[in-house]
Amino acid sequence: MKFSLFLGCVVLSILAAVSGNTFDSTLDEDWKNWKSQHEKQYTEEEEAYRRMIWEDNMRYIEQHNLEHSMGKHTFTVGMNQFGDLTTEEFNKLMNGFLRAEADNSTEEAVDEDDEDDEDDESNDVEMGPIVDWRTKGYVTPVKNQGECGSCWAFSATGALEGQWRKRTGELISLSEQNLVDCSRRNNGCGGGFAMRAFIYVIENGGINSDVTYPYTGMDNPCKFRSHWIAATCSHYRLVKKEKALAKRVKGVGPISVAIDASHRSFHLYKTGVYYEENCSTDNLNHEMLVVGFGNQSQQNYWIVKNSWGTEWGEQGYIKMAKDKENNCGIATDAVYPIVKKPKCLTRAPKNSV
């Protein structure tokens, strides 16, 4: 999944593509500053190809934002660390939700329509029409998956971090690398989905923290230590409708969701309420974490935490259109873990946030 893997098979096409290309000289300084800001280094041939892609993305950004100023879009886009990637490259590199495997799963889960589930409680936390679990201390800072298709692991830890905070009062940053290396039902940097991450935690008896099992962004042998368990869960629950998702987010806390993140508009999202008319509700490829919902200019939106660092979007977050016929499939494969209050606190070193 490393970026360099994309380069070896395209050298000839790069040379052909740039041989007759003339770059926009007015963008020379911007290109140099962007490379410096994101610490990009290329070979001579590779730089020409990446500059060509970057300029195309710059033109796309300018056109989209012009249309936004005319009222055609509800969000803006902007140049970020992914500006030298094509849409195809980006989807291969960064999006790792394996929907086909999720559809084929036969694992049991709690029925989403069970209205009497004791876990559908907010522990007396008052919530109104605007819900934001960040303000209640249920959400860790934005993380960065790097060049690894491990979005599913970050989505899973985010949901479990929130539920552990709810049951114990401690917000602990949990180990995505533990899941990448040890959750055999998933494929590490090759993709996976949060539901099977929860199954791993259940069957394994727990998960380590970031302090004891730090993130490397690559597949490694499993190094889980049972004496360093930082959190546990007992089962999980599926949610498959927007109305149900809103209810669970309000009453339960942050929830793992999968979306169609295949569009350039998403990769370069900057701010505003994201609505993509070409989004699929079924072809999903990326997992994130819904941490609340709200309203802006009479537009309902979900508050969604991503795992691409704080340089992307609104400091690592995106407002996604809510109550718009499940736009981008945000409620198609939502899931969250059930955490029972532990009888004793963990003995593990932990990085409480």
# chains A, B, ... in the order shown; residues from 1 in each chain; ligands from 1
call {"tool": "residues_around", "arguments": {"residues": "region 253-260 of chain A", "least_positions_apart": "6", "cutoff": "8 Å", "atoms": "only C-alpha atoms", "output": "PyMOL selection string"}}
result
chain A and resi 97+122+133+138-139+155-156+158-159+162-163+194+279-292+328-336
call {"tool": "residues_around", "arguments": {"residues": "Lys35 (chain A)", "least_positions_apart": "3", "cutoff": "12 Å", "atoms": "only C-alpha atoms", "output": "list in words"}}
result
Asp28, Glu29, Asp30, Trp31, Lys32, His38, Glu39, Lys40, Gln41, Tyr42, Glu47, Arg50, Arg51, Trp54, Met79, Asn80, Gln81, Phe82, Gly83 and Asp84 of chain A
call {"tool": "write_last_selection", "arguments": {"atoms": "N, CA, C and O atoms", "output": "tab-separated table (two decimals), in the first residue's frame"}}
result
chain	number	residue	atom	x	y	z
A	28	ASP	N	4.40	28.28	-10.19
A	28	ASP	CA	5.71	27.77	-9.80
A	28	ASP	C	5.97	27.94	-8.31
A	28	ASP	O	6.40	27.00	-7.62
A	29	GLU	N	5.71	29.13	-7.78
A	29	GLU	CA	5.99	29.40	-6.38
A	29	GLU	C	5.05	28.60	-5.47
A	29	GLU	O	5.47	28.08	-4.43
A	30	ASP	N	3.78	28.50	-5.90
A	30	ASP	CA	2.82	27.70	-5.12
A	30	ASP	C	3.24	26.24	-5.08
A	30	ASP	O	3.12	25.59	-4.03
A	31	TRP	N	3.72	25.73	-6.20
A	31	TRP	CA	4.17	24.35	-6.26
A	31	TRP	C	5.37	24.11	-5.32
A	31	TRP	O	5.40	23.14	-4.56
A	32	LYS	N	6.33	25.04	-5.34
A	32	LYS	CA	7.49	24.91	-4.47
A	32	LYS	C	7.08	24.97	-3.00
A	32	LYS	O	7.56	24.19	-2.17
A	38	HIS	N	4.68	19.99	2.62
A	38	HIS	CA	4.33	18.58	2.82
A	38	HIS	C	5.53	17.65	2.66
A	38	HIS	O	5.36	16.43	2.58
A	39	GLU	N	6.73	18.24	2.57
A	39	GLU	CA	7.98	17.47	2.52
A	39	GLU	C	7.96	16.45	1.40
A	39	GLU	O	8.27	15.27	1.59
A	40	LYS	N	7.60	16.91	0.21
A	40	LYS	CA	7.55	16.04	-0.96
A	40	LYS	C	8.89	16.07	-1.70
A	40	LYS	O	9.45	17.13	-1.95
A	41	GLN	N	9.36	14.90	-2.06
A	41	GLN	CA	10.59	14.78	-2.85
A	41	GLN	C	10.35	13.77	-3.97
A	41	GLN	O	9.82	12.69	-3.73
A	42	TYR	N	10.75	14.15	-5.18
A	42	TYR	CA	10.52	13.30	-6.35
A	42	TYR	C	11.78	13.18	-7.20
A	42	TYR	O	12.68	14.01	-7.12
A	47	GLU	N	8.51	14.02	-10.70
A	47	GLU	CA	8.05	15.37	-10.36
A	47	GLU	C	7.20	15.96	-11.47
A	47	GLU	O	6.19	16.61	-11.21
A	50	ARG	N	3.78	14.37	-11.17
A	50	ARG	CA	3.06	14.84	-9.98
A	50	ARG	C	2.65	16.30	-10.14
A	50	ARG	O	1.57	16.70	-9.68
A	51	ARG	N	3.50	17.09	-10.77
A	51	ARG	CA	3.15	18.50	-11.01
A	51	ARG	C	1.93	18.58	-11.93
A	51	ARG	O	1.03	19.42	-11.73
A	54	TRP	N	-1.07	17.73	-9.81
A	54	TRP	CA	-1.29	18.82	-8.85
A	54	TRP	C	-1.97	20.02	-9.53
A	54	TRP	O	-2.91	20.59	-8.99
A	79	MET	N	-6.52	22.75	-1.62
A	79	MET	CA	-5.32	21.93	-1.76
A	79	MET	C	-4.88	21.41	-0.40
A	79	MET	O	-4.89	22.14	0.59
A	80	ASN	N	-4.51	20.14	-0.36
A	80	ASN	CA	-4.01	19.54	0.87
A	80	ASN	C	-2.87	18.59	0.54
A	80	ASN	O	-2.31	18.63	-0.56
A	81	GLN	N	-2.51	17.73	1.48
A	81	GLN	CA	-1.37	16.84	1.31
A	81	GLN	C	-1.58	15.80	0.23
A	81	GLN	O	-0.63	15.12	-0.17
A	82	PHE	N	-2.81	15.65	-0.26
A	82	PHE	CA	-3.10	14.64	-1.28
A	82	PHE	C	-3.16	15.22	-2.69
A	82	PHE	O	-3.62	14.56	-3.62
A	83	GLY	N	-2.69	16.44	-2.86
A	83	GLY	CA	-2.87	17.14	-4.13
A	83	GLY	C	-2.10	16.58	-5.30
A	83	GLY	O	-2.37	16.95	-6.45
A	84	ASP	N	-1.14	15.69	-5.07
A	84	ASP	CA	-0.38	15.12	-6.19
A	84	ASP	C	-0.83	13.71	-6.54
A	84	ASP	O	-0.14	13.00	-7.27
call {"tool": "select_by_dssp", "arguments": {"residues": "region 118-239 of chain A", "states": "alpha helix (DSSP H)", "output": "ChimeraX atom specification"}}
result
/A:151-168,176-182,194-204
call {"tool": "residues_around", "arguments": {"residues": "Asp323 (chain A)", "least_positions_apart": "6", "cutoff": "9 Å", "atoms": "only C-alpha atoms", "output": "PDB file with all heavy atoms, in the first residue's frame"}}
result
ATOM      1  N   GLU A 242     -30.777   6.107   8.679  1.00  0.00           N
ATOM      2  CA  GLU A 242     -30.360   7.409   9.200  1.00  0.00           C
ATOM      3  C   GLU A 242     -31.092   7.789  10.480  1.00  0.00           C
ATOM      4  O   GLU A 242     -30.500   8.356  11.407  1.00  0.00           O
ATOM      5  CB  GLU A 242     -30.567   8.504   8.143  1.00  0.00           C
ATOM      6  CG  GLU A 242     -29.353   8.726   7.258  1.00  0.00           C
ATOM      7  CD  GLU A 242     -29.358  10.082   6.598  1.00  0.00           C
ATOM      8  OE1 GLU A 242     -30.100  10.244   5.615  1.00  0.00           O
ATOM      9  OE2 GLU A 242     -28.629  10.979   7.051  1.00  0.00           O
ATOM     10  N   LYS A 243     -32.385   7.520  10.541  1.00  0.00           N
ATOM     11  CA  LYS A 243     -33.144   7.853  11.740  1.00  0.00           C
ATOM     12  C   LYS A 243     -32.596   7.096  12.938  1.00  0.00           C
ATOM     13  O   LYS A 243     -32.446   7.659  14.044  1.00  0.00           O
ATOM     14  CB  LYS A 243     -34.625   7.528  11.534  1.00  0.00           C
ATOM     15  CG  LYS A 243     -35.503   7.943  12.702  1.00  0.00           C
ATOM     16  CD  LYS A 243     -36.983   7.652  12.407  1.00  0.00           C
ATOM     17  CE  LYS A 243     -37.868   8.044  13.583  1.00  0.00           C
ATOM     18  NZ  LYS A 243     -39.311   7.764  13.310  1.00  0.00           N
ATOM     19  N   ASN A 300     -29.019  20.209   7.685  1.00  0.00           N
ATOM     20  CA  ASN A 300     -28.637  19.253   8.713  1.00  0.00           C
ATOM     21  C   ASN A 300     -27.352  18.534   8.299  1.00  0.00           C
ATOM     22  O   ASN A 300     -27.165  18.219   7.121  1.00  0.00           O
ATOM     23  CB  ASN A 300     -29.746  18.230   8.939  1.00  0.00           C
ATOM     24  CG  ASN A 300     -30.994  18.848   9.538  1.00  0.00           C
ATOM     25  OD1 ASN A 300     -30.921  19.877  10.229  1.00  0.00           O
ATOM     26  ND2 ASN A 300     -32.139  18.239   9.292  1.00  0.00           N
ATOM     27  N   TYR A 301     -26.487  18.291   9.258  1.00  0.00           N
ATOM     28  CA  TYR A 301     -25.236  17.606   8.926  1.00  0.00           C
ATOM     29  C   TYR A 301     -24.786  16.706  10.066  1.00  0.00           C
ATOM     30  O   TYR A 301     -25.141  16.894  11.232  1.00  0.00           O
ATOM     31  CB  TYR A 301     -24.133  18.618   8.600  1.00  0.00           C
ATOM     32  CG  TYR A 301     -23.767  19.544   9.753  1.00  0.00           C
ATOM     33  CD1 TYR A 301     -22.893  19.143  10.766  1.00  0.00           C
ATOM     34  CD2 TYR A 301     -24.280  20.838   9.814  1.00  0.00           C
ATOM     35  CE1 TYR A 301     -22.557  19.984  11.811  1.00  0.00           C
ATOM     36  CE2 TYR A 301     -23.956  21.696  10.851  1.00  0.00           C
ATOM     37  CZ  TYR A 301     -23.084  21.258  11.843  1.00  0.00           C
ATOM     38  OH  TYR A 301     -22.769  22.095  12.885  1.00  0.00           O
TER      39      TYR A 301
END
call {"tool": "decode", "arguments": {"residues": "region 25-57 of chain A", "atoms": "N, CA, C and O atoms", "output": "mmCIF file, in the first residue's frame"}}
result
data_model
loop_
_atom_site.group_PDB
_atom_site.id
_atom_site.type_symbol
_atom_site.label_atom_id
_atom_site.label_comp_id
_atom_site.auth_asym_id
_atom_site.auth_seq_id
_atom_site.Cartn_x
_atom_site.Cartn_y
_atom_site.Cartn_z
ATOM 1 N N SER A 25 3.358 28.638 -15.373
ATOM 2 C CA SER A 25 4.463 29.271 -14.657
ATOM 3 C C SER A 25 3.996 30.133 -13.490
ATOM 4 O O SER A 25 4.755 30.369 -12.547
ATOM 5 N N THR A 26 2.746 30.577 -13.530
ATOM 6 C CA THR A 26 2.232 31.398 -12.421
ATOM 7 C C THR A 26 2.055 30.570 -11.148
ATOM 8 O O THR A 26 1.881 31.128 -10.068
ATOM 9 N N LEU A 27 2.115 29.244 -11.295
ATOM 10 C CA LEU A 27 1.951 28.360 -10.140
ATOM 11 C C LEU A 27 3.284 27.834 -9.611
ATOM 12 O O LEU A 27 3.302 27.037 -8.672
ATOM 13 N N ASP A 28 4.396 28.282 -10.193
ATOM 14 C CA ASP A 28 5.708 27.769 -9.801
ATOM 15 C C ASP A 28 5.974 27.939 -8.306
ATOM 16 O O ASP A 28 6.403 26.999 -7.619
ATOM 17 N N GLU A 29 5.715 29.134 -7.780
ATOM 18 C CA GLU A 29 5.990 29.400 -6.379
ATOM 19 C C GLU A 29 5.050 28.597 -5.474
ATOM 20 O O GLU A 29 5.466 28.081 -4.434
ATOM 21 N N ASP A 30 3.784 28.502 -5.898
ATOM 22 C CA ASP A 30 2.823 27.704 -5.125
ATOM 23 C C ASP A 30 3.245 26.241 -5.075
ATOM 24 O O ASP A 30 3.115 25.588 -4.029
ATOM 25 N N TRP A 31 3.722 25.731 -6.195
ATOM 26 C CA TRP A 31 4.173 24.348 -6.258
ATOM 27 C C TRP A 31 5.370 24.109 -5.323
ATOM 28 O O TRP A 31 5.399 23.136 -4.563
ATOM 29 N N LYS A 32 6.325 25.036 -5.338
ATOM 30 C CA LYS A 32 7.489 24.910 -4.468
ATOM 31 C C LYS A 32 7.077 24.967 -2.995
ATOM 32 O O LYS A 32 7.560 24.188 -2.174
ATOM 33 N N ASN A 33 6.180 25.882 -2.664
ATOM 34 C CA ASN A 33 5.732 26.012 -1.275
ATOM 35 C C ASN A 33 4.964 24.784 -0.819
ATOM 36 O O ASN A 33 5.108 24.339 0.327
ATOM 37 N N TRP A 34 4.136 24.239 -1.734
ATOM 38 C CA TRP A 34 3.364 23.040 -1.382
ATOM 39 C C TRP A 34 4.290 21.859 -1.128
ATOM 40 O O TRP A 34 4.111 21.113 -0.155
ATOM 41 N N LYS A 35 5.285 21.692 -1.976
ATOM 42 C CA LYS A 35 6.245 20.592 -1.783
ATOM 43 C C LYS A 35 6.997 20.742 -0.464
ATOM 44 O O LYS A 35 7.209 19.761 0.251
ATOM 45 N N SER A 36 7.386 21.966 -0.161
ATOM 46 C CA SER A 36 8.102 22.213 1.082
ATOM 47 C C SER A 36 7.220 21.951 2.295
ATOM 48 O O SER A 36 7.648 21.309 3.270
ATOM 49 N N GLN A 37 5.979 22.437 2.239
ATOM 50 C CA GLN A 37 5.051 22.275 3.356
ATOM 51 C C GLN A 37 4.798 20.812 3.674
ATOM 52 O O GLN A 37 4.730 20.416 4.843
ATOM 53 N N HIS A 38 4.676 19.992 2.622
ATOM 54 C CA HIS A 38 4.331 18.577 2.815
ATOM 55 C C HIS A 38 5.532 17.646 2.655
ATOM 56 O O HIS A 38 5.364 16.427 2.585
ATOM 57 N N GLU A 39 6.732 18.240 2.573
ATOM 58 C CA GLU A 39 7.978 17.475 2.516
ATOM 59 C C GLU A 39 7.960 16.446 1.396
ATOM 60 O O GLU A 39 8.271 15.265 1.590
ATOM 61 N N LYS A 40 7.603 16.910 0.208
ATOM 62 C CA LYS A 40 7.547 16.041 -0.963
ATOM 63 C C LYS A 40 8.887 16.068 -1.704
ATOM 64 O O LYS A 40 9.454 17.135 -1.949
ATOM 65 N N GLN A 41 9.364 14.898 -2.064
ATOM 66 C CA GLN A 41 10.590 14.779 -2.847
ATOM 67 C C GLN A 41 10.353 13.771 -3.971
ATOM 68 O O GLN A 41 9.820 12.694 -3.730
ATOM 69 N N TYR A 42 10.755 14.147 -5.180
ATOM 70 C CA TYR A 42 10.517 13.297 -6.347
ATOM 71 C C TYR A 42 11.783 13.175 -7.197
ATOM 72 O O TYR A 42 12.681 14.012 -7.120
ATOM 73 N N THR A 43 11.811 12.131 -8.028
ATOM 74 C CA THR A 43 12.790 12.083 -9.107
ATOM 75 C C THR A 43 12.350 13.085 -10.169
ATOM 76 O O THR A 43 11.219 13.584 -10.145
ATOM 77 N N GLU A 44 13.217 13.387 -11.122
ATOM 78 C CA GLU A 44 12.888 14.378 -12.147
ATOM 79 C C GLU A 44 11.658 13.962 -12.954
ATOM 80 O O GLU A 44 10.750 14.765 -13.188
ATOM 81 N N GLU A 45 11.625 12.695 -13.378
ATOM 82 C CA GLU A 45 10.484 12.218 -14.157
ATOM 83 C C GLU A 45 9.211 12.196 -13.317
ATOM 84 O O GLU A 45 8.132 12.581 -13.774
ATOM 85 N N GLU A 46 9.345 11.748 -12.073
ATOM 86 C CA GLU A 46 8.190 11.657 -11.206
ATOM 87 C C GLU A 46 7.628 13.038 -10.889
ATOM 88 O O GLU A 46 6.415 13.237 -10.845
ATOM 89 N N GLU A 47 8.512 14.020 -10.700
ATOM 90 C CA GLU A 47 8.054 15.367 -10.355
ATOM 91 C C GLU A 47 7.202 15.961 -11.467
ATOM 92 O O GLU A 47 6.186 16.614 -11.205
ATOM 93 N N ALA A 48 7.579 15.737 -12.712
ATOM 94 C CA ALA A 48 6.799 16.263 -13.821
ATOM 95 C C ALA A 48 5.387 15.689 -13.820
ATOM 96 O O ALA A 48 4.395 16.407 -14.040
ATOM 97 N N TYR A 49 5.287 14.404 -13.535
ATOM 98 C CA TYR A 49 3.982 13.754 -13.510
ATOM 99 C C TYR A 49 3.147 14.266 -12.340
ATOM 100 O O TYR A 49 1.957 14.572 -12.482
ATOM 101 N N ARG A 50 3.783 14.366 -11.167
ATOM 102 C CA ARG A 50 3.058 14.836 -9.984
ATOM 103 C C ARG A 50 2.651 16.299 -10.137
ATOM 104 O O ARG A 50 1.575 16.697 -9.679
ATOM 105 N N ARG A 51 3.503 17.091 -10.770
ATOM 106 C CA ARG A 51 3.147 18.497 -11.013
ATOM 107 C C ARG A 51 1.928 18.580 -11.930
ATOM 108 O O ARG A 51 1.029 19.416 -11.725
ATOM 109 N N MET A 52 1.858 17.706 -12.905
ATOM 110 C CA MET A 52 0.726 17.695 -13.826
ATOM 111 C C MET A 52 -0.571 17.372 -13.069
ATOM 112 O O MET A 52 -1.598 18.035 -13.267
ATOM 113 N N ILE A 53 -0.525 16.380 -12.195
ATOM 114 C CA ILE A 53 -1.702 16.020 -11.399
ATOM 115 C C ILE A 53 -2.074 17.156 -10.451
ATOM 116 O O ILE A 53 -3.250 17.509 -10.305
ATOM 117 N N TRP A 54 -1.075 17.726 -9.806
ATOM 118 C CA TRP A 54 -1.295 18.819 -8.854
ATOM 119 C C TRP A 54 -1.967 20.019 -9.527
ATOM 120 O O TRP A 54 -2.908 20.593 -8.988
ATOM 121 N N GLU A 55 -1.495 20.370 -10.715
ATOM 122 C CA GLU A 55 -2.104 21.491 -11.436
ATOM 123 C C GLU A 55 -3.549 21.182 -11.831
ATOM 124 O O GLU A 55 -4.417 22.059 -11.792
ATOM 125 N N ASP A 56 -3.803 19.944 -12.212
ATOM 126 C CA ASP A 56 -5.174 19.565 -12.547
ATOM 127 C C ASP A 56 -6.079 19.692 -11.325
ATOM 128 O O ASP A 56 -7.223 20.162 -11.432
ATOM 129 N N ASN A 57 -5.575 19.301 -10.162
ATOM 130 C CA ASN A 57 -6.350 19.455 -8.939
ATOM 131 C C ASN A 57 -6.547 20.926 -8.580
ATOM 132 O O ASN A 57 -7.601 21.312 -8.067
#
